[in-house]
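Listing of entry.tsv; format and content: TSV, C-alpha atoms.
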chain	number	residue	atom	x	y	z
A	856	MET	CA	-16.47	-3.32	236.64
A	857	ASN	CA	-14.64	-4.25	233.43
A	858	ARG	CA	-14.05	-7.71	234.80
A	859	PHE	CA	-17.71	-8.12	235.72
A	860	LEU	CA	-18.91	-7.04	232.24
A	861	ALA	CA	-16.32	-9.28	230.57
A	862	ASP	CA	-17.53	-12.20	232.72
A	863	ILE	CA	-21.15	-11.63	231.71
A	864	PHE	CA	-20.16	-11.45	228.03
A	865	LEU	CA	-18.07	-14.61	228.36
A	866	PHE	CA	-20.95	-16.39	230.09
A	867	ILE	CA	-23.47	-15.44	227.39
A	868	ILE	CA	-21.33	-16.47	224.42
A	869	ALA	CA	-20.32	-19.69	226.20
A	870	LEU	CA	-23.88	-20.75	226.91
A	871	GLY	CA	-25.00	-19.51	223.49
A	872	GLY	CA	-22.66	-22.13	221.99
A	873	TYR	CA	-20.09	-20.03	220.12
A	874	PRO	CA	-16.74	-21.70	220.87
A	875	PHE	CA	-14.94	-19.74	218.13
A	876	LEU	CA	-15.60	-16.63	220.27
A	877	PHE	CA	-15.61	-18.24	223.69
A	878	VAL	CA	-12.23	-20.03	223.62
A	879	PRO	CA	-10.12	-17.05	222.42
A	880	LEU	CA	-11.92	-14.68	224.80
A	881	MET	CA	-11.41	-17.08	227.69
A	882	VAL	CA	-7.66	-17.25	226.97
A	883	VAL	CA	-7.44	-13.44	226.70
A	884	LEU	CA	-9.29	-12.94	230.01
A	885	VAL	CA	-7.10	-15.48	231.79
A	886	PHE	CA	-4.03	-13.45	230.75
A	887	ARG	CA	-5.66	-10.05	231.23
A	888	PHE	CA	-7.06	-10.46	234.74
A	889	ASP	CA	-5.43	-11.80	237.87
A	890	ARG	CA	-6.75	-15.17	239.07
A	891	HIS	CA	-9.54	-15.39	236.54
A	892	TYR	CA	-11.27	-18.47	238.02
A	893	GLU	CA	-14.49	-17.51	236.24
A	894	SER	CA	-13.08	-18.84	232.96
A	895	LEU	CA	-12.65	-22.27	234.53
A	896	VAL	CA	-16.17	-22.21	235.94
A	897	VAL	CA	-17.73	-21.16	232.61
A	898	ALA	CA	-15.73	-23.78	230.67
A	899	ILE	CA	-16.86	-26.54	233.05
A	900	VAL	CA	-20.45	-25.29	232.77
A	901	VAL	CA	-20.22	-25.58	228.95
A	902	ASP	CA	-18.91	-29.14	229.28
A	903	VAL	CA	-21.67	-30.14	231.69
A	904	LEU	CA	-24.33	-28.44	229.59
A	905	TYR	CA	-23.45	-29.57	226.08
A	906	GLY	CA	-21.01	-32.41	226.74
A	907	ALA	CA	-21.67	-35.83	225.26
A	908	PRO	CA	-19.77	-39.09	225.05
A	909	LEU	CA	-17.16	-38.77	222.32
A	910	TRP	CA	-16.53	-42.46	221.77
A	911	PRO	CA	-18.70	-45.59	221.85
A	912	GLY	CA	-19.66	-46.90	225.26
A	913	GLY	CA	-19.35	-43.72	227.30
A	914	GLY	CA	-16.32	-41.50	227.23
A	915	MET	CA	-17.42	-38.20	228.76
A	916	VAL	CA	-14.69	-35.70	227.87
A	917	TYR	CA	-14.34	-32.35	229.64
A	918	LEU	CA	-12.91	-30.67	226.57
A	919	PHE	CA	-13.40	-26.98	227.32
A	920	GLY	CA	-12.71	-27.38	231.04
A	921	THR	CA	-9.38	-29.08	230.37
A	922	VAL	CA	-8.39	-26.44	227.78
A	923	ALA	CA	-9.36	-23.64	230.19
A	924	ALA	CA	-7.42	-25.22	233.07
A	925	ALA	CA	-4.36	-25.65	230.84
A	926	ALA	CA	-4.61	-22.01	229.69
A	927	PHE	CA	-4.99	-20.92	233.32
A	928	VAL	CA	-1.88	-22.85	234.43
A	929	VAL	CA	0.18	-21.53	231.48
A	930	ALA	CA	-1.00	-18.00	232.20
A	931	GLN	CA	0.02	-18.28	235.87
A	932	ILE	CA	3.49	-19.53	234.92
A	933	LEU	CA	4.03	-16.88	232.25
A	934	LYS	CA	2.76	-14.07	234.47
A	935	LYS	CA	5.50	-14.81	236.98
A	936	ARG	CA	8.18	-14.80	234.31
A	937	LEU	CA	7.10	-11.91	232.07
A	938	ARG	CA	8.31	-8.44	233.04
A	939	TYR	CA	5.06	-6.90	231.70
A	940	TYR	CA	3.00	-8.35	234.54
A	941	SER	CA	5.41	-7.21	237.27
A	942	LYS	CA	5.15	-3.64	235.93
A	943	HIS	CA	1.40	-3.67	235.24
A	944	ALA	CA	-0.04	-5.37	238.27
A	945	ILE	CA	-3.72	-5.99	237.47
B	1078	MET	CA	9.88	-12.32	260.83
B	1079	ILE	CA	10.65	-10.65	257.49
B	1080	TYR	CA	11.71	-14.02	256.14
B	1081	LEU	CA	8.43	-15.60	257.21
B	1082	ARG	CA	6.36	-12.79	255.71
B	1083	ARG	CA	8.08	-13.14	252.32
B	1084	ASP	CA	7.49	-16.88	252.40
B	1085	ASN	CA	3.77	-16.40	253.06
B	1086	ARG	CA	3.48	-13.92	250.20
B	1087	GLU	CA	5.16	-16.30	247.74
B	1088	ARG	CA	2.88	-19.09	248.84
B	1089	SER	CA	-0.15	-16.87	248.30
B	1090	GLU	CA	1.10	-15.94	244.82
B	1091	ARG	CA	1.53	-19.57	243.89
B	1092	ARG	CA	-1.89	-20.63	245.09
B	1093	PRO	CA	-3.71	-19.96	241.75
B	1094	LEU	CA	-1.10	-22.07	239.96
B	1095	TYR	CA	-1.70	-24.99	242.33
B	1096	ILE	CA	-5.48	-24.60	242.04
B	1097	GLY	CA	-5.18	-24.59	238.23
B	1098	ILE	CA	-3.02	-27.72	238.26
B	1099	VAL	CA	-5.45	-29.50	240.62
B	1100	ILE	CA	-8.47	-28.60	238.44
B	1101	PHE	CA	-6.63	-29.65	235.27
B	1102	THR	CA	-5.67	-32.99	236.84
B	1103	VAL	CA	-9.17	-33.65	238.17
B	1104	LEU	CA	-10.77	-32.88	234.77
B	1105	LEU	CA	-8.22	-35.05	233.00
B	1106	LEU	CA	-8.94	-37.94	235.39
B	1107	PHE	CA	-12.71	-37.41	235.01
B	1108	SER	CA	-12.25	-37.56	231.20
B	1109	VAL	CA	-10.01	-40.66	231.29
B	1110	PHE	CA	-12.36	-42.57	233.60
B	1111	SER	CA	-15.52	-41.17	231.91
B	1112	ILE	CA	-16.95	-39.83	235.15
B	1113	LYS	CA	-20.16	-37.91	234.56
B	1114	PRO	CA	-20.83	-34.71	236.47
B	1115	PRO	CA	-23.17	-35.17	239.47
B	1116	ALA	CA	-26.91	-34.82	238.81
B	1117	PRO	CA	-27.45	-31.62	240.90
B	1118	SER	CA	-24.78	-29.79	238.89
B	1119	ARG	CA	-26.51	-30.77	235.64
B	1120	SER	CA	-29.86	-29.47	236.94
B	1121	LEU	CA	-28.18	-26.23	238.02
B	1122	VAL	CA	-26.54	-25.54	234.64
B	1123	TYR	CA	-29.79	-26.26	232.78
B	1124	PHE	CA	-31.52	-23.77	235.09
B	1125	ILE	CA	-28.79	-21.18	234.42
B	1126	GLY	CA	-28.90	-21.80	230.67
B	1127	ARG	CA	-32.61	-21.12	230.17
B	1128	PRO	CA	-32.51	-17.28	230.29
B	1129	VAL	CA	-29.49	-17.23	227.97
B	1130	TRP	CA	-31.25	-19.40	225.40
B	1131	ALA	CA	-34.39	-17.24	225.67
B	1132	LEU	CA	-32.24	-14.16	225.04
B	1133	GLN	CA	-30.56	-15.90	222.10
B	1134	ARG	CA	-33.93	-16.78	220.51
B	1135	PHE	CA	-35.19	-13.23	221.04
B	1136	MET	CA	-32.06	-11.73	219.46
B	1137	SER	CA	-32.20	-14.04	216.44
B	1138	SER	CA	-35.89	-13.23	215.86
B	1139	VAL	CA	-35.20	-9.48	216.14
B	1140	THR	CA	-32.22	-9.55	213.78
B	1141	GLY	CA	-34.12	-11.78	211.33
B	1142	ASP	CA	-37.01	-9.31	211.19
B	1143	ALA	CA	-34.60	-6.39	210.80
B	1144	PHE	CA	-33.07	-7.90	207.68
B	1145	THR	CA	-36.53	-8.61	206.22
B	1146	VAL	CA	-37.39	-4.91	206.47
B	1147	LEU	CA	-34.27	-4.05	204.49
B	1148	ARG	CA	-35.19	-6.31	201.56
B	1149	THR	CA	-36.68	-4.80	198.40
B	1150	LYS	CA	-40.27	-5.30	197.34
B	1151	SER	CA	-39.32	-7.03	194.07
B	1152	ALA	CA	-37.14	-9.55	195.98
B	1153	LEU	CA	-40.06	-10.37	198.30
B	1154	VAL	CA	-42.42	-10.80	195.30
B	1155	ARG	CA	-39.90	-13.12	193.64
B	1156	GLU	CA	-39.51	-15.19	196.79
B	1157	ASN	CA	-43.28	-15.32	197.22
B	1158	LYS	CA	-43.68	-16.75	193.70
B	1159	GLU	CA	-41.00	-19.36	194.33
B	1160	LEU	CA	-42.57	-20.40	197.62
B	1161	ARG	CA	-46.02	-20.70	196.02
B	1162	GLY	CA	-44.54	-23.04	193.42
B	1163	GLU	CA	-42.88	-25.12	196.13
B	1164	VAL	CA	-46.13	-25.31	198.11
B	1165	GLN	CA	-48.00	-26.62	195.04
B	1166	GLU	CA	-45.33	-29.28	194.46
B	1167	LEU	CA	-45.41	-30.32	198.11
B	1168	GLU	CA	-49.21	-30.50	198.14
B	1169	SER	CA	-49.21	-32.89	195.18
B	1170	ALA	CA	-46.43	-34.94	196.82
B	1171	MET	CA	-48.45	-35.10	200.06
B	1172	LEU	CA	-51.29	-36.85	198.22
B	1173	ASP	CA	-48.90	-39.70	197.42
B	1174	VAL	CA	-47.52	-39.73	200.97
B	1175	ASP	CA	-50.99	-40.05	202.53
B	1176	ARG	CA	-51.84	-42.92	200.19
B	1177	ILE	CA	-48.54	-44.71	200.90
B	1178	ARG	CA	-48.97	-44.24	204.65
B	1179	SER	CA	-52.45	-45.78	204.64
B	1180	ASP	CA	-51.18	-48.67	202.48
B	1181	LEU	CA	-48.29	-49.26	204.89
B	1182	LYS	CA	-50.65	-49.37	207.90
B	1183	LYS	CA	-52.87	-51.81	206.04
B	1184	TYR	CA	-49.95	-54.13	205.26
B	1185	GLU	CA	-48.67	-53.92	208.84
B	1186	ARG	CA	-52.12	-54.95	210.09
B	1187	MET	CA	-52.20	-57.83	207.58
B	1188	LEU	CA	-48.79	-59.02	208.82
B	1189	GLY	CA	-49.98	-58.84	212.41
B	1190	ARG	CA	-47.43	-56.21	213.35
B	1191	ASN	CA	-48.44	-53.70	215.95
B	1192	SER	CA	-45.94	-50.88	216.22
B	1193	PRO	CA	-47.69	-48.03	217.99
B	1194	ALA	CA	-45.69	-44.85	217.81
B	1195	ALA	CA	-45.53	-42.94	221.09
B	1196	PHE	CA	-44.35	-39.43	220.30
B	1197	VAL	CA	-43.88	-36.27	222.32
B	1198	ALA	CA	-43.26	-32.97	220.55
B	1199	ALA	CA	-40.36	-30.86	221.83
B	1200	ASN	CA	-38.79	-27.50	221.06
B	1201	VAL	CA	-35.05	-27.23	220.60
B	1202	LEU	CA	-33.80	-24.75	223.20
B	1203	ALA	CA	-30.17	-24.81	222.16
B	1204	LYS	CA	-28.25	-26.37	219.28
B	1205	PRO	CA	-24.60	-25.50	219.49
B	1206	SER	CA	-23.96	-25.64	215.77
B	1207	THR	CA	-20.25	-24.91	216.02
B	1208	MET	CA	-19.52	-27.01	219.10
B	1209	PRO	CA	-17.55	-30.24	218.83
B	1210	TYR	CA	-20.47	-31.88	220.62
B	1211	ASP	CA	-23.49	-32.49	218.36
B	1212	THR	CA	-26.14	-32.09	221.04
B	1213	PHE	CA	-29.61	-30.58	221.32
B	1214	ILE	CA	-31.14	-29.22	224.50
B	1215	LEU	CA	-34.89	-29.92	224.46
B	1216	ASP	CA	-37.67	-28.37	226.53
B	1217	VAL	CA	-39.24	-31.68	227.60
B	1218	GLY	CA	-37.91	-33.87	230.38
B	1219	GLU	CA	-38.91	-36.43	232.97
B	1220	GLU	CA	-42.18	-34.58	233.55
B	1221	GLY	CA	-43.07	-35.26	229.89
B	1222	GLY	CA	-42.28	-38.96	230.25
B	1223	ILE	CA	-38.94	-38.77	228.45
B	1224	ALA	CA	-36.32	-41.38	229.28
B	1225	VAL	CA	-32.69	-41.94	228.37
B	1226	GLY	CA	-32.47	-43.86	225.10
B	1227	ASP	CA	-35.57	-42.37	223.46
B	1228	THR	CA	-35.15	-41.54	219.77
B	1229	ILE	CA	-35.28	-38.01	218.36
B	1230	VAL	CA	-37.32	-37.90	215.17
B	1231	VAL	CA	-37.79	-35.13	212.61
B	1232	GLY	CA	-40.73	-35.24	210.20
B	1233	ASN	CA	-42.48	-38.59	210.06
B	1234	ASP	CA	-39.72	-41.13	210.47
B	1235	THR	CA	-36.30	-39.49	210.15
B	1236	ALA	CA	-34.18	-40.32	213.19
B	1237	VAL	CA	-31.55	-37.74	214.11
B	1238	GLY	CA	-30.47	-38.60	217.65
B	1239	LYS	CA	-31.00	-40.17	221.07
B	1240	ILE	CA	-31.73	-38.80	224.52
B	1241	ILE	CA	-28.65	-39.04	226.75
B	1242	ASP	CA	-29.65	-36.98	229.78
B	1243	VAL	CA	-33.01	-36.13	231.33
B	1244	ARG	CA	-33.91	-33.64	234.08
B	1245	GLY	CA	-37.29	-32.38	235.30
B	1246	SER	CA	-38.45	-30.30	232.34
B	1247	ILE	CA	-35.39	-30.44	230.14
B	1248	SER	CA	-33.40	-33.07	228.32
B	1249	LYS	CA	-30.24	-33.43	226.25
B	1250	ALA	CA	-30.04	-35.38	223.00
B	1251	GLN	CA	-26.93	-36.53	221.20
B	1252	LEU	CA	-27.20	-36.55	217.43
B	1253	LEU	CA	-26.34	-39.67	215.45
B	1254	SER	CA	-23.81	-37.56	213.55
B	1255	SER	CA	-21.94	-36.76	216.76
B	1256	ALA	CA	-18.27	-37.72	216.77
B	1257	GLY	CA	-17.77	-41.23	218.07
B	1258	VAL	CA	-21.39	-42.38	217.78
B	1259	THR	CA	-21.80	-45.71	216.00
B	1260	THR	CA	-25.25	-46.70	214.73
B	1261	PRO	CA	-26.22	-50.04	213.15
B	1262	VAL	CA	-27.89	-49.27	209.81
B	1263	LEU	CA	-29.51	-51.09	206.90
B	1264	VAL	CA	-28.56	-49.90	203.43
B	1265	GLY	CA	-30.46	-50.18	200.15
B	1266	GLU	CA	-33.22	-52.48	198.99
B	1267	LYS	CA	-31.34	-55.58	200.17
B	1268	ALA	CA	-31.10	-54.05	203.67
B	1269	LEU	CA	-27.37	-54.74	204.00
B	1270	SER	CA	-26.25	-54.32	207.57
B	1271	PHE	CA	-23.37	-51.96	208.43
B	1272	ASP	CA	-22.24	-49.59	211.16
B	1273	ALA	CA	-22.57	-45.85	210.52
B	1274	HIS	CA	-20.00	-43.63	212.23
B	1275	GLY	CA	-20.64	-40.01	213.16
B	1276	TYR	CA	-17.94	-37.45	212.49
B	1277	GLY	CA	-19.61	-34.34	213.93
B	1278	GLY	CA	-21.30	-31.42	212.18
B	1279	GLY	CA	-23.98	-33.58	210.58
B	1280	ASN	CA	-21.52	-35.96	208.87
B	1281	ILE	CA	-22.19	-39.70	208.92
B	1282	VAL	CA	-20.03	-42.24	207.09
B	1283	ILE	CA	-20.31	-46.00	206.46
B	1284	THR	CA	-17.33	-48.19	205.61
B	1285	VAL	CA	-18.29	-50.91	203.12
B	1286	PRO	CA	-16.35	-53.47	201.04
B	1287	ARG	CA	-14.90	-51.96	197.90
B	1288	ASP	CA	-16.65	-54.34	195.53
B	1289	LEU	CA	-20.10	-53.68	196.94
B	1290	ALA	CA	-22.13	-51.62	194.47
B	1291	LEU	CA	-24.07	-48.81	196.14
B	1292	ALA	CA	-25.89	-46.24	194.04
B	1293	VAL	CA	-26.20	-42.61	195.05
B	1294	GLY	CA	-29.66	-42.01	196.49
B	1295	GLU	CA	-30.14	-45.46	198.06
B	1296	ALA	CA	-32.00	-45.24	201.34
B	1297	VAL	CA	-30.28	-45.88	204.68
B	1298	TYR	CA	-32.41	-47.00	207.62
B	1299	ILE	CA	-31.79	-47.59	211.30
B	1300	GLY	CA	-32.72	-51.13	212.20
B	1301	THR	CA	-35.13	-50.29	214.98
B	1302	ASN	CA	-38.77	-51.21	215.36
B	1303	PRO	CA	-40.44	-49.22	213.85
B	1304	ARG	CA	-37.76	-48.80	211.18
B	1305	MET	CA	-36.43	-45.24	211.02
B	1306	PHE	CA	-35.05	-43.40	208.03
B	1307	LEU	CA	-31.54	-41.99	208.47
B	1308	GLY	CA	-30.60	-40.60	205.06
B	1309	GLU	CA	-29.46	-41.40	201.55
B	1310	VAL	CA	-26.18	-42.58	200.08
B	1311	ASP	CA	-24.53	-39.42	198.83
B	1312	VAL	CA	-20.78	-39.57	198.24
B	1313	VAL	CA	-18.75	-42.71	197.66
B	1314	SER	CA	-15.02	-42.34	198.18
B	1315	VAL	CA	-12.72	-45.11	196.93
B	1316	SER	CA	-8.96	-45.24	197.35
B	1317	PRO	CA	-7.09	-47.61	194.93
B	1318	SER	CA	-4.99	-49.04	197.77
B	1319	ASP	CA	-7.87	-49.76	200.19
B	1320	ALA	CA	-10.06	-52.85	200.36
B	1321	MET	CA	-12.89	-50.76	201.79
B	1322	LYS	CA	-14.61	-47.61	200.58
B	1323	LEU	CA	-16.23	-44.77	202.48
B	1324	VAL	CA	-19.86	-43.93	201.85
B	1325	GLY	CA	-21.11	-40.55	203.01
B	1326	ILE	CA	-24.75	-40.30	204.06
B	1327	ARG	CA	-26.79	-37.22	203.23
B	1328	LEU	CA	-29.31	-36.39	205.92
B	1329	PRO	CA	-32.74	-35.30	204.63
B	1330	VAL	CA	-32.80	-32.40	207.11
B	1331	ASN	CA	-30.32	-29.70	207.93
B	1332	ILE	CA	-29.58	-30.31	211.60
B	1333	PHE	CA	-28.63	-26.66	212.11
B	1334	GLU	CA	-32.12	-25.51	211.09
B	1335	ILE	CA	-34.15	-27.88	213.25
B	1336	SER	CA	-36.28	-26.03	215.79
B	1337	GLN	CA	-38.82	-28.72	216.68
B	1338	VAL	CA	-38.49	-32.47	217.03
B	1339	LYS	CA	-40.54	-35.46	218.06
B	1340	ILE	CA	-39.34	-37.85	220.75
B	1341	LEU	CA	-40.18	-41.49	220.17
B	1342	HIS	CA	-40.49	-43.40	223.41
B	1343	SER	CA	-38.59	-46.62	223.79
B	1344	GLN	CA	-41.25	-47.67	226.28
B	1345	PRO	CA	-44.76	-46.22	225.76
B	1346	VAL	CA	-45.73	-44.08	228.75
B	1347	GLY	CA	-48.79	-42.13	229.92
B	1348	ASP	CA	-52.04	-41.91	228.02
B	1349	THR	CA	-52.20	-38.24	227.04
B	1350	LEU	CA	-48.80	-37.98	225.45
B	1351	PHE	CA	-49.02	-40.11	222.39
B	1352	SER	CA	-51.19	-41.22	219.55
B	1353	LYS	CA	-51.35	-44.85	220.62
B	1354	GLU	CA	-54.73	-46.39	221.31
B	1355	PRO	CA	-55.04	-47.53	224.95
B	1356	ASP	CA	-54.54	-51.24	225.51
B	1357	ARG	CA	-57.79	-53.09	226.02
B	1358	LEU	CA	-57.77	-55.71	228.74
Encoding of this model in structure tokens:
Amino acid sequence: MNRFLADIFLFIIALGGYPFLFVPLMVVLVFRFDRHYESLVVAIVVDVLYGAPLWPGGGMVYLFGTVAAAAFVVAQILKKRLRYYSKHAI
Amino acid sequence: MIYLRRDNRERSERRPLYIGIVIFTVLLLFSVFSIKPPAPSRSLVYFIGRPVWALQRFMSSVTGDAFTVLRTKSALVRENKELRGEVQELESAMLDVDRIRSDLKKYERMLGRNSPAAFVAANVLAKPSTMPYDTFILDVGEEGGIAVGDTIVVGNDTAVGKIIDVRGSISKAQLLSSAGVTTPVLVGEKALSFDAHGYGGGNIVITVPRDLALAVGEAVYIGTNPRMFLGEVDVVSVSPSDAMKLVGIRLPVNIFEISQVKILHSQPVGDTLFSKEPDRL
């Protein structure tokens, strides 16, 4: 239930266009919950929705999606190595 | 058997890591090769976004009203007086504007120029003010005759952006101040031609030769037909070691407060959408 509510909150602030809230929350949720694929989906949605070419002649950059995927990968690596996650399986 | 079971479990634990790496690589490749997301996915996210933007507008209107209730009567009276003064000033300025506009039309007719403006009004559904992307989501799309490349105008002739994506009843505009956007502009009375570079967050800068004299307040236009106003020369930054100087442009509108825009068609379309007189055969 907590995960569901957190996902809805993440979704609303992401689509509302508040990256100063969305990016930290996304990183926290990736570390807090196991296999939090929703963060990746929401980040890609933000890129598709608001994304624009960032240099002349095209240049579509998936900024939030790439950051979310990097955070997800780092979280997966750290979760295997940190003792906290082996004790508190979420 | 125990050995095999342990192996399967490890593989299952590693799966999210592999999925994350694959998604990261795919997004990186998509960014490097500038691959746009497929059209159905764009339609889907616009559809998903609508209720969130409606909720956002509702919340901002509710919170705005709540703060108005908390204000004192004397503050409201003071603000009312100030606004009345501003209205009087604007009314007198409008008299000049109407006269200048009719003069301009007269001169255009004398010069044989016919530049019918084909506008469509649009509401701004979302303006991510703190996003690195300077984009607007507008509530008019293909159904309203909008096409990629149409200009976004505020007021009479102030250009603020261009349409970059169009769906059925929704469209996305990129602002001229967006990072990486380069716009050819004409500066001052002599209409000197330069490129204006967007830096995001409503900032536009022109790089000009150091010796070129530009006064603060000189008008900057976009060299389109009809000519569009972009802003005024605001800040000039000169470094003693550089041969060029940076000129900041002040936009006449605050892009974060824009709620309605006009879309100027590159190609006039339809006959109910714009103020152009129908062509006579």
Selection: 7 Å around B:Leu1341, only C-alpha atoms, excl. self and same-chain fewer than 3 positions, as an MDAnalysis selection string: chainID B and resid 1194:1197 1227:1230
Atomic distance atom CA of B:Pro1286 - atom CA of B:Thr1260, expressed in Å with one decimal: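 Those two atoms sit 17.7 Å apart.
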Counting all atoms listed in the file, which residues of chain A fall within 8 Å of chain B, and what is the closest atom pair for each with its distance in Å at one decimal, ordered by chain and rising number, as a tab-separated table?
residue	atom	partner	partner_atom	distance
A:Ile867	CA	B:Val1129	CA	6.3
A:Leu870	CA	B:Gly1126	CA	6.4
A:Gly871	CA	B:Trp1130	CA	6.5
A:Gly872	CA	B:Pro1205	CA	4.6
A:Tyr873	CA	B:Thr1207	CA	6.4
A:Pro874	CA	B:Met1208	CA	6.2
A:Phe875	CA	B:Thr1207	CA	7.7
A:Arg890	CA	B:Pro1093	CA	6.3
A:Val900	CA	B:Val1122	CA	6.4
A:Val903	CA	B:Arg1119	CA	6.3
A:Leu904	CA	B:Val1122	CA	6.2
A:Tyr905	CA	B:Thr1212	CA	6.2
A:Gly906	CA	B:Tyr1210	CA	6.2
A:Ala907	CA	B:Tyr1210	CA	6.2
A:Pro908	CA	B:Gly1257	CA	7.6
A:Leu909	CA	B:Gly1257	CA	4.9
A:Trp910	CA	B:Gly1257	CA	4.1
A:Pro911	CA	B:Val1258	CA	5.8
A:Gly913	CA	B:Ser1111	CA	6.5
A:Gly914	CA	B:Ser1111	CA	4.8
A:Met915	CA	B:Ser1111	CA	4.7
A:Val916	CA	B:Ser1108	CA	4.5
A:Tyr917	CA	B:Ser1108	CA	5.8
A:Gly920	CA	B:Leu1104	CA	6.9
A:Thr921	CA	B:Phe1101	CA	5.6
A:Ala924	CA	B:Phe1101	CA	5.0
A:Ala925	CA	B:Phe1101	CA	6.4
A:Phe927	CA	B:Gly1097	CA	6.1
A:Val928	CA	B:Gly1097	CA	5.3
A:Gln931	CA	B:Leu1094	CA	5.7
A:Ile932	CA	B:Leu1094	CA	7.3
Shell around B:Ile1299 at 8 Å using only C-alpha atoms, local window under 6 positions removed, as a PyMOL selection string: chain B and resi 1236+1260-1263+1305-1307
One decimal, Å: what's the distance from atom CA of A:Arg858 over to atom CA of A:Val929, could you say?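 Distance between the two atoms: 20.1 Å.
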At what distance in Å, to one decimal, does atom CA of B:Val1285 lie from atom CA of B:Ala1273?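 Spanning atom CA of B:Ala1273 to atom CA of B:Val1285 is a straight-line distance of 9.9 Å.
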At a cut-off of 12 Å around the point (-11.7, -15.4, 223.9) (file coordinates), what residues fall inside when counting all atoms listed in the file? I'd like the answer as a VMD selection string. chain A and resid 861 to 862 864 to 866 868 to 869 873 to 887 894 898 923 926
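Proximity of B:Leu1215, B:Val1139, B:Val1225, B:Val1310 to B:Ser1336, computed with all atoms listed in the file, is greatest for B:Leu1215.
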Go through B:Leu1153, B:Ala1224, B:Ala1296, B:Ile1177 and flag the residue nearest B:Lys1267, using only C-alpha atoms for the distances. B:Ala1296
Shortest interatomic distance to A:Leu918 - which of A:Val901, A:Leu937, A:Val896, A:Ile863, counting only C-alpha atoms: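 Under the stated criterion, the closest residue is A:Val901.
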Mind giving me the axis-aligned box for stretch 1181-1186 of chain B with 4 Å on every side, centre plus edges in Å to one decimal, as JSON?
{"center_x": -50.6, "center_y": -52.1, "center_z": 207.5, "size_x": 12.6, "size_y": 13.7, "size_z": 13.2}
Looking at B:Asp1216, B:Val1164, B:Ala1268, B:Asp1173, which one is nearest to B:Arg1244, with distances taken over all atoms listed in the file?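 With all atoms listed in the file as the atom set, the closest residue is B:Asp1216.
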